[in-house]
file input-v9.txt (compact mmCIF, C-alpha atoms)
# COMPACT_ATOMS: atom_id res chain seq x y z
CA MET A 1 -7.33 13.15 1.44
CA GLU A 2 -3.54 13.07 1.64
CA ASP A 3 -1.76 11.38 4.53
CA PRO A 4 -0.67 14.03 7.06
CA ALA A 5 3.10 14.44 7.36
CA THR A 6 3.58 14.23 11.12
CA MET A 7 6.32 11.62 11.44
CA LYS A 8 9.85 12.47 12.48
CA MET A 9 12.97 10.77 11.13
CA LYS A 10 13.37 8.39 14.08
CA ALA A 11 9.82 7.07 13.69
CA LEU A 12 10.31 6.70 9.94
CA GLU A 13 13.47 4.64 10.55
CA GLU A 14 11.64 2.39 13.00
CA ARG A 15 8.59 1.81 10.80
CA SER A 16 10.49 1.27 7.57
CA GLY A 17 13.61 -0.49 8.85
CA VAL A 18 15.72 1.86 6.71
CA SER A 19 18.54 3.95 8.18
CA ARG A 20 18.43 7.75 8.07
CA GLU A 21 21.55 7.80 5.90
CA SER A 22 19.80 5.68 3.28
CA ILE A 23 16.61 7.74 3.57
CA ARG A 24 18.53 10.95 2.93
CA PHE A 25 20.33 9.31 0.01
CA TYR A 26 17.00 8.24 -1.56
CA ILE A 27 15.69 11.79 -1.16
CA ARG A 28 18.80 13.27 -2.83
CA GLU A 29 18.47 10.80 -5.70
CA GLY A 30 14.79 11.64 -6.20
CA ILE A 31 13.68 8.09 -5.31
CA LEU A 32 11.92 9.33 -2.18
CA PRO A 33 9.95 12.60 -2.09
CA GLU A 34 11.07 15.53 0.01
CA PRO A 35 9.51 15.73 3.50
CA ASP A 36 7.42 18.65 4.69
CA ARG A 37 9.74 21.29 6.15
CA PRO A 38 7.87 23.88 8.26
CA LYS A 39 11.32 25.15 9.34
CA PRO A 40 14.80 24.60 7.85
CA ASN A 41 15.85 22.25 10.66
CA ILE A 42 12.51 20.37 10.99
CA ALA A 43 11.24 17.64 8.65
CA TYR A 44 8.02 15.63 8.80
CA TYR A 45 7.25 12.45 6.87
CA SER A 46 3.99 10.67 6.01
CA ASP A 47 2.77 7.08 5.62
CA LEU A 48 3.55 7.32 1.91
CA HIS A 49 7.22 7.66 2.79
CA VAL A 50 6.92 4.43 4.78
CA LYS A 51 5.22 2.62 1.90
CA ARG A 52 7.82 3.78 -0.58
CA LEU A 53 10.67 2.72 1.71
CA LEU A 54 9.10 -0.72 2.23
CA ALA A 55 8.80 -1.10 -1.54
CA ILE A 56 12.43 0.01 -2.00
CA ARG A 57 13.63 -2.48 0.64
CA TYR A 58 11.73 -5.32 -0.99
CA MET A 59 12.91 -4.54 -4.50
CA ARG A 60 16.52 -4.10 -3.37
CA GLN A 61 16.79 -7.08 -1.03
CA GLU A 62 14.39 -9.64 -2.44
CA ARG A 63 14.35 -8.78 -6.15
CA GLU A 64 17.92 -7.46 -6.38
CA MET A 65 16.75 -4.60 -8.58
CA SER A 66 18.96 -1.67 -9.49
CA LEU A 67 18.27 1.78 -8.08
CA ALA A 68 17.62 3.03 -11.61
CA ARG A 69 14.87 0.42 -12.09
CA ILE A 70 13.41 1.16 -8.66
CA LYS A 71 13.38 4.87 -9.39
CA SER A 72 11.58 4.27 -12.70
CA ILE A 73 8.85 2.47 -10.76
CA LEU A 74 8.53 4.77 -7.78
CA VAL A 75 8.68 8.01 -9.71
CA ASN A 76 5.56 6.81 -11.56
CA ALA A 77 2.99 9.55 -11.02
CA GLU A 78 0.38 6.97 -10.04
CA PHE A 79 2.39 5.34 -7.27
CA ASP A 80 1.40 7.63 -4.41
CA SER A 81 -2.28 7.38 -5.27
CA VAL A 82 -2.29 3.58 -5.42
CA ALA A 83 0.10 2.95 -2.53
CA ARG A 84 -2.73 3.26 -0.05
CA PRO A 85 -3.83 -0.31 0.71
CA THR A 86 -6.88 0.94 2.59
CA THR A 87 -8.95 -0.12 -0.40
CA LEU A 88 -8.92 -3.30 -2.43
CA LYS A 89 -8.02 -1.24 -5.52
CA GLY A 90 -4.96 0.16 -3.77
CA LEU A 91 -3.96 -3.32 -2.64
CA LYS A 92 -4.27 -4.70 -6.17
CA GLN A 93 -2.13 -1.90 -7.58
CA LEU A 94 0.54 -2.02 -4.88
CA LEU A 95 1.05 -5.80 -4.87
CA PRO A 96 2.55 -6.00 -8.39
CA VAL A 97 5.26 -3.58 -7.29
CA LEU A 98 5.97 -5.60 -4.16
CA VAL A 99 5.64 -9.05 -5.72
CA ASP A 100 7.57 -8.99 -8.96
CA GLY A 101 8.89 -5.49 -9.51
CA THR A 102 6.35 -4.88 -12.26
CA ALA A 103 4.85 -1.42 -11.94
CA PRO A 104 1.34 -0.96 -13.32
CA ALA A 105 1.85 0.48 -16.80
CA GLU A 106 -0.41 2.27 -19.24
CA ASP A 107 -2.89 0.28 -21.30
CA LYS A 108 -1.89 -0.55 -24.87
CA SER A 109 -4.13 -0.42 -27.89
CA ILE A 110 -5.10 -3.63 -29.64
CA ALA A 111 -3.49 -2.33 -32.83
CA ASP A 112 -0.15 -1.74 -31.09
CA ILE A 113 -0.07 -5.05 -29.23
CA ALA A 114 -1.02 -6.92 -32.41
CA ILE A 115 2.11 -5.53 -34.06
CA GLU A 116 4.31 -6.19 -31.02
CA SER A 117 3.05 -9.74 -30.37
CA GLY A 118 2.52 -10.93 -33.93
CA ILE A 119 -1.05 -11.95 -33.03
CA SER A 120 -3.86 -10.66 -35.21
CA GLU A 121 -6.46 -8.32 -33.77
CA THR A 122 -9.08 -10.98 -34.53
CA GLU A 123 -7.26 -13.58 -32.42
CA ILE A 124 -6.77 -11.06 -29.62
CA ASN A 125 -10.53 -10.49 -29.58
CA ASP A 126 -11.11 -14.26 -29.60
CA ILE A 127 -8.79 -14.62 -26.58
CA ALA A 128 -10.75 -11.87 -24.83
CA ASP A 129 -14.04 -13.62 -25.63
CA CYS A 130 -12.69 -16.64 -23.73
CA GLY A 131 -12.20 -14.43 -20.66
CA ILE A 132 -8.41 -14.84 -20.69
CA ILE A 133 -7.72 -11.13 -21.20
CA GLU A 134 -9.89 -8.04 -20.83
CA ILE A 135 -10.42 -5.45 -23.54
CA ARG A 136 -11.52 -1.95 -22.54
CA GLU A 137 -13.07 0.67 -24.77
CA GLN A 138 -11.72 4.21 -24.58
CA ASP A 139 -12.42 7.04 -27.01
CA GLY A 140 -13.53 4.57 -29.64
CA ASP A 141 -10.37 2.43 -29.41
CA GLN A 142 -9.73 -0.92 -27.71
CA TYR A 143 -7.06 -1.35 -25.03
CA VAL A 144 -5.64 -4.10 -22.83
CA GLY A 145 -3.91 -3.79 -19.45
CA PHE A 146 -0.22 -4.32 -18.76
CA ARG A 147 -0.53 -7.93 -17.55
CA ASP A 148 -2.64 -8.86 -20.56
CA VAL A 149 0.05 -7.29 -22.74
CA ILE A 150 2.55 -9.71 -21.18
CA ILE A 151 0.22 -12.68 -21.77
CA LEU A 152 -0.31 -11.75 -25.43
CA LYS A 153 3.39 -11.21 -26.07
CA GLN A 154 4.26 -14.59 -24.55
CA TRP A 155 1.52 -16.32 -26.56
CA GLY A 156 2.83 -14.66 -29.70
CA LEU A 157 6.37 -15.79 -28.83
CA MET A 158 5.16 -19.38 -28.37
CA LYS A 159 3.48 -19.33 -31.78
CA ALA A 160 6.57 -17.87 -33.43
CA THR A 161 8.69 -20.59 -31.79
CA GLY A 162 6.56 -23.32 -33.35
CA PHE A 163 3.82 -23.96 -30.79
CA THR A 164 1.11 -23.56 -33.41
CA GLN A 165 -2.58 -24.46 -33.67
CA ASP A 166 -1.96 -27.55 -35.79
CA LYS A 167 0.13 -28.92 -32.90
CA GLY A 168 -2.68 -28.37 -30.40
CA TYR A 169 -1.64 -24.96 -29.09
CA ASP A 170 -4.93 -23.17 -29.55
CA LEU A 171 -7.64 -21.33 -27.65
CA ASP A 172 -8.77 -24.55 -25.95
CA LEU A 173 -5.34 -24.82 -24.33
CA LEU A 174 -5.51 -21.20 -23.16
CA ARG A 175 -8.97 -21.89 -21.73
CA LEU A 176 -7.54 -24.83 -19.80
CA TYR A 177 -4.78 -22.62 -18.35
CA GLN A 178 -7.33 -19.95 -17.47
CA GLN A 179 -9.73 -22.35 -15.74
CA THR A 180 -6.96 -24.09 -13.81
CA MET A 181 -5.54 -20.80 -12.55
CA MET A 182 -9.01 -19.43 -11.79
CA ASP A 183 -9.85 -22.41 -9.58
CA LEU A 184 -6.52 -22.07 -7.77
CA ALA A 185 -6.89 -18.28 -7.36
CA LYS A 186 -10.40 -18.62 -5.90
CA PHE A 187 -9.12 -21.10 -3.34
CA GLU A 188 -6.11 -18.92 -2.45
CA ILE A 189 -8.21 -15.75 -2.05
CA ALA A 190 -10.69 -17.53 0.21
CA GLN A 191 -7.82 -18.99 2.24
CA PHE A 192 -6.11 -15.60 2.55
CA PHE A 193 -9.17 -13.71 3.81
CA ALA A 194 -10.17 -16.60 6.07
CA GLY A 195 -6.71 -16.54 7.62
CA PHE A 196 -6.16 -12.79 7.95
CA GLY A 197 -9.78 -11.57 8.14
CA SER A 198 -10.22 -7.84 8.73
CA ASP A 199 -6.45 -7.34 8.82
CA ALA A 200 -6.13 -8.36 5.17
CA ILE A 201 -5.60 -4.80 3.91
CA SER A 202 -3.38 -3.50 6.71
CA ASP A 203 0.11 -2.23 5.89
CA GLU A 204 1.78 -5.19 7.57
CA VAL A 205 -0.35 -7.80 5.84
CA VAL A 206 0.16 -6.21 2.41
CA GLY A 207 3.85 -7.01 2.73
CA LYS A 208 3.07 -10.54 3.91
CA ALA A 209 0.63 -11.04 1.03
CA ALA A 210 3.23 -9.89 -1.48
CA LYS A 211 5.83 -12.26 -0.06
CA GLY A 212 3.30 -15.09 0.05
CA ILE A 213 2.30 -14.61 -3.58
CA ASP A 214 5.94 -14.50 -4.60
CA CYS A 215 6.64 -17.75 -2.73
CA VAL A 216 3.55 -19.49 -4.15
CA ASN A 217 4.44 -18.43 -7.70
CA THR A 218 7.91 -19.91 -7.24
CA ILE A 219 6.50 -23.12 -5.75
CA ILE A 220 4.00 -23.52 -8.61
CA HIS A 221 6.72 -22.87 -11.19
CA GLN A 222 9.02 -25.49 -9.64
CA ILE A 223 6.26 -28.10 -9.23
CA HIS A 224 5.18 -27.54 -12.83
CA THR A 225 8.74 -27.86 -14.13
CA LYS A 226 9.41 -30.96 -12.01
CA LEU A 227 6.26 -32.70 -13.24
CA LEU A 228 7.06 -31.88 -16.86
CA LEU A 229 10.55 -33.30 -16.50
CA LYS A 230 9.20 -36.46 -14.86
CA GLY A 231 6.68 -36.90 -17.66
CA ILE A 232 9.33 -36.46 -20.33
CA LYS A 233 11.64 -39.00 -18.67
CA ARG A 234 8.82 -41.55 -18.37
CA ASP A 235 8.00 -41.25 -22.04

call {"tool": "encode", "arguments": {"input": "input-v9.txt", "output": "structure tokens"}}
result
Amino acid sequence: MEDPATMKMKALEERSGVSRESIRFYIREGILPEPDRPKPNIAYYSDLHVKRLLAIRYMRQEREMSLARIKSILVNAEFDSVARPTTLKGLKQLLPVLVDGTAPAEDKSIADIAIESGISETEINDIADCGIIEIREQDGDQYVGFRDVIILKQWGLMKATGFTQDKGYDLDLLRLYQQTMMDLAKFEIAQFFAGFGSDAISDEVVGKAAKGIDCVNTIIHQIHTKLLLKGIKRD
């Protein structure tokens, strides 16, 4: 069921924190959908307008993304259907947009990603067997999701740079990364739901979760880099 469009401009401004001038600009540019207009001088907005505006604010202010990039994400036909964090699926799909500006993209076939990453289809299947990526069957072909595409491309780039199996950069190393991140993710998920409880999928908490994940990712990245530099200096 679609969200009813019953909100007037003033309420939309208050809930989104975006001025009416900006809202009208986003509508003219096709970044925000047109409101329902029962009469020429009356406009009603829905919760999806709020969610889109919150995503726009985050991507503009926190990620410093261009309007063209934001539009390419928000005009995605799937956005309105996944921007309903009333289900865990909706939350999972909306968070990538809020966290790192990465819109959920279409799956890619194993054959295509093998060409793009430089990794053989056999190795891709071996990586999947380790549980590091997930391969889905569709119409007789094998596909991976957009985040797994990123993982495979980065692994292929590492190999092309010289981080090869004979130097210890093999599936065992990927398994170590996977297990370490899995243990951390399990702890973080338990902590999140213990802290926010039944509010964990509310509109307000979705934004907090996105910001929290972004902060944690930055902290982990900096701790990792700092420890590597310390280790190199010691040696």

call {"tool": "atom_distance", "arguments": {"input": "input-v9.txt", "atom1": "CA of Glu29 (chain A)", "atom2": "CA of Ala68 (chain A)"}}
result
9.8 Å

call {"tool": "atom_distance", "arguments": {"input": "input-v9.txt", "atom1": "CA of Gln165 (chain A)", "atom2": "CA of His221 (chain A)"}}
result
24.4 Å

call {"tool": "atom_distance", "arguments": {"input": "input-v9.txt", "atom1": "CA of Arg57 (chain A)", "atom2": "CA of Tyr44 (chain A)"}}
result
20.6 Å

call {"tool": "closest_residue", "arguments": {"input": "input-v9.txt", "among": "A:Val149, A:Ile119, A:Met9, A:Val18", "to": "Gln61 (chain A)", "atoms": "only C-alpha atoms"}}
result
A:Val18

call {"tool": "closest_residue", "arguments": {"input": "input-v9.txt", "among": "A:Asp141, A:Asp183, A:Asp126, A:Glu116", "to": "Lys153 (chain A)", "atoms": "only C-alpha atoms"}}
result
A:Glu116

call {"tool": "closest_residue", "arguments": {"input": "input-v9.txt", "among": "A:Met181, A:Ala43, A:Ala209, A:Val216", "to": "Ala11 (chain A)", "atoms": "all atoms listed in the file"}}
result
A:Ala43

call {"tool": "residues_near_point", "arguments": {"input": "input-v9.txt", "point": "(-4.6, -1.4, -21.4)", "cutoff": "7 Å", "atoms": "all atoms listed in the file", "output": "list in words"}}
result
Glu106, Asp107, Lys108, Ser109, Tyr143, Val144, Gly145 and Phe146 of chain A

call {"tool": "residues_around", "arguments": {"input": "input-v9.txt", "residues": "region 127-133 of chain A", "least_positions_apart": "2", "cutoff": "12 Å", "atoms": "only C-alpha atoms", "output": "JSON, numbers by chain"}}
result
{"A": [110, 119, 120, 121, 122, 123, 124, 125, 135, 136, 142, 143, 144, 145, 146, 147, 148, 149, 150, 151, 152, 155, 170, 171, 172, 173, 174, 175, 176, 177, 178, 179, 180, 181, 182]}

call {"tool": "write_last_selection", "arguments": {"input": "input-v9.txt", "atoms": "C-alpha atoms", "output": "JSON list (two decimals), keeping the file's coordinate frame"}}
result
[["chain", "number", "residue", "atom", "x", "y", "z"],
["A", 110, "ILE", "CA", -5.10, -3.63, -29.64],
["A", 119, "ILE", "CA", -1.05, -11.95, -33.03],
["A", 120, "SER", "CA", -3.86, -10.66, -35.21],
["A", 121, "GLU", "CA", -6.46, -8.32, -33.77],
["A", 122, "THR", "CA", -9.08, -10.98, -34.53],
["A", 123, "GLU", "CA", -7.26, -13.58, -32.42],
["A", 124, "ILE", "CA", -6.77, -11.06, -29.62],
["A", 125, "ASN", "CA", -10.53, -10.49, -29.58],
["A", 135, "ILE", "CA", -10.42, -5.45, -23.54],
["A", 136, "ARG", "CA", -11.52, -1.95, -22.54],
["A", 142, "GLN", "CA", -9.73, -0.92, -27.71],
["A", 143, "TYR", "CA", -7.06, -1.35, -25.03],
["A", 144, "VAL", "CA", -5.64, -4.10, -22.83],
["A", 145, "GLY", "CA", -3.91, -3.79, -19.45],
["A", 146, "PHE", "CA", -0.22, -4.32, -18.76],
["A", 147, "ARG", "CA", -0.53, -7.93, -17.55],
["A", 148, "ASP", "CA", -2.64, -8.86, -20.56],
["A", 149, "VAL", "CA", 0.05, -7.29, -22.74],
["A", 150, "ILE", "CA", 2.55, -9.71, -21.18],
["A", 151, "ILE", "CA", 0.22, -12.68, -21.77],
["A", 152, "LEU", "CA", -0.31, -11.75, -25.43],
["A", 155, "TRP", "CA", 1.52, -16.32, -26.56],
["A", 170, "ASP", "CA", -4.93, -23.17, -29.55],
["A", 171, "LEU", "CA", -7.64, -21.33, -27.65],
["A", 172, "ASP", "CA", -8.77, -24.55, -25.95],
["A", 173, "LEU", "CA", -5.34, -24.82, -24.33],
["A", 174, "LEU", "CA", -5.51, -21.20, -23.16],
["A", 175, "ARG", "CA", -8.97, -21.89, -21.73],
["A", 176, "LEU", "CA", -7.54, -24.83, -19.80],
["A", 177, "TYR", "CA", -4.78, -22.62, -18.35],
["A", 178, "GLN", "CA", -7.33, -19.95, -17.47],
["A", 179, "GLN", "CA", -9.73, -22.35, -15.74],
["A", 180, "THR", "CA", -6.96, -24.09, -13.81],
["A", 181, "MET", "CA", -5.54, -20.80, -12.55],
["A", 182, "MET", "CA", -9.01, -19.43, -11.79]]

call {"tool": "residues_around", "arguments": {"input": "input-v9.txt", "residues": "Leu54 (chain A)", "least_positions_apart": "3", "cutoff": "10 Å", "atoms": "all atoms listed in the file", "output": "PDB file with C-alpha atoms, in the frame of the given file"}}
result
ATOM      1  CA  ARG A  15       8.590   1.810  10.800  1.00  0.00           C
ATOM      2  CA  SER A  16      10.490   1.270   7.570  1.00  0.00           C
ATOM      3  CA  GLY A  17      13.610  -0.490   8.850  1.00  0.00           C
ATOM      4  CA  VAL A  18      15.720   1.860   6.710  1.00  0.00           C
ATOM      5  CA  LEU A  48       3.550   7.320   1.910  1.00  0.00           C
ATOM      6  CA  HIS A  49       7.220   7.660   2.790  1.00  0.00           C
ATOM      7  CA  VAL A  50       6.920   4.430   4.780  1.00  0.00           C
ATOM      8  CA  LYS A  51       5.220   2.620   1.900  1.00  0.00           C
ATOM      9  CA  ARG A  57      13.630  -2.480   0.640  1.00  0.00           C
ATOM     10  CA  TYR A  58      11.730  -5.320  -0.990  1.00  0.00           C
ATOM     11  CA  MET A  59      12.910  -4.540  -4.500  1.00  0.00           C
ATOM     12  CA  ARG A  60      16.520  -4.100  -3.370  1.00  0.00           C
ATOM     13  CA  LEU A  98       5.970  -5.600  -4.160  1.00  0.00           C
ATOM     14  CA  ASP A 203       0.110  -2.230   5.890  1.00  0.00           C
ATOM     15  CA  GLY A 207       3.850  -7.010   2.730  1.00  0.00           C
TER      16      GLY A 207
END

call {"tool": "closest_residue", "arguments": {"input": "input-v9.txt", "among": "A:Thr225, A:Leu53, A:Lys233, A:Leu95", "to": "Ala210 (chain A)", "atoms": "all atoms listed in the file"}}
result
A:Leu95

call {"tool": "closest_residue", "arguments": {"input": "input-v9.txt", "among": "A:Val205, A:Gln222, A:Tyr45, A:Asp139", "to": "Ile27 (chain A)", "atoms": "only C-alpha atoms"}}
result
A:Tyr45

call {"tool": "closest_residue", "arguments": {"input": "input-v9.txt", "among": "A:Ile213, A:Met65, A:Ile31, A:Leu74", "to": "Ile189 (chain A)", "atoms": "only C-alpha atoms"}}
result
A:Ile213

call {"tool": "build_atoms", "arguments": {"input": "input-v9.txt", "residues": "region 205-227 of chain A", "atoms": "N, CA and C atoms", "output": "compact mmCIF listing (two decimals), in the frame of the given file"}}
result
# COMPACT_ATOMS: atom_id res chain seq x y z
N VAL A 205 0.11 -6.62 6.56
CA VAL A 205 -0.35 -7.80 5.84
C VAL A 205 -0.13 -7.65 4.33
N VAL A 206 -0.15 -6.41 3.83
CA VAL A 206 0.16 -6.21 2.41
C VAL A 206 1.53 -6.77 2.09
N GLY A 207 2.51 -6.47 2.95
CA GLY A 207 3.85 -7.01 2.73
C GLY A 207 3.87 -8.52 2.82
N LYS A 208 3.14 -9.09 3.78
CA LYS A 208 3.07 -10.54 3.91
C LYS A 208 2.41 -11.16 2.68
N ALA A 209 1.33 -10.52 2.20
CA ALA A 209 0.63 -11.04 1.03
C ALA A 209 1.55 -11.05 -0.18
N ALA A 210 2.31 -9.97 -0.35
CA ALA A 210 3.23 -9.89 -1.48
C ALA A 210 4.26 -11.00 -1.41
N LYS A 211 4.84 -11.21 -0.22
CA LYS A 211 5.83 -12.26 -0.06
C LYS A 211 5.21 -13.63 -0.28
N GLY A 212 3.98 -13.82 0.23
CA GLY A 212 3.30 -15.09 0.05
C GLY A 212 3.03 -15.41 -1.41
N ILE A 213 2.56 -14.41 -2.16
CA ILE A 213 2.30 -14.61 -3.58
C ILE A 213 3.58 -14.95 -4.31
N ASP A 214 4.65 -14.24 -3.97
CA ASP A 214 5.94 -14.50 -4.60
C ASP A 214 6.38 -15.93 -4.33
N CYS A 215 6.25 -16.38 -3.09
CA CYS A 215 6.64 -17.75 -2.73
C CYS A 215 5.78 -18.78 -3.46
N VAL A 216 4.46 -18.55 -3.48
CA VAL A 216 3.55 -19.49 -4.15
C VAL A 216 3.86 -19.58 -5.64
N ASN A 217 4.10 -18.41 -6.27
CA ASN A 217 4.44 -18.43 -7.70
C ASN A 217 5.69 -19.26 -7.97
N THR A 218 6.69 -19.13 -7.09
CA THR A 218 7.91 -19.91 -7.24
C THR A 218 7.64 -21.39 -7.03
N ILE A 219 6.84 -21.72 -6.01
CA ILE A 219 6.50 -23.12 -5.75
C ILE A 219 5.77 -23.74 -6.94
N ILE A 220 4.76 -23.02 -7.46
CA ILE A 220 4.00 -23.52 -8.61
C ILE A 220 4.91 -23.73 -9.81
N HIS A 221 5.79 -22.76 -10.05
CA HIS A 221 6.72 -22.87 -11.19
C HIS A 221 7.60 -24.11 -11.05
N GLN A 222 8.13 -24.35 -9.84
CA GLN A 222 9.02 -25.49 -9.64
C GLN A 222 8.26 -26.82 -9.71
N ILE A 223 7.06 -26.88 -9.14
CA ILE A 223 6.26 -28.10 -9.23
C ILE A 223 5.93 -28.40 -10.68
N HIS A 224 5.52 -27.37 -11.41
CA HIS A 224 5.18 -27.54 -12.83
C HIS A 224 6.37 -28.07 -13.61
N THR A 225 7.52 -27.44 -13.42
CA THR A 225 8.74 -27.86 -14.13
C THR A 225 9.12 -29.29 -13.76
N LYS A 226 9.04 -29.62 -12.46
CA LYS A 226 9.41 -30.96 -12.01
C LYS A 226 8.50 -32.02 -12.62
N LEU A 227 7.20 -31.75 -12.67
CA LEU A 227 6.26 -32.70 -13.24
C LEU A 227 6.47 -32.88 -14.74
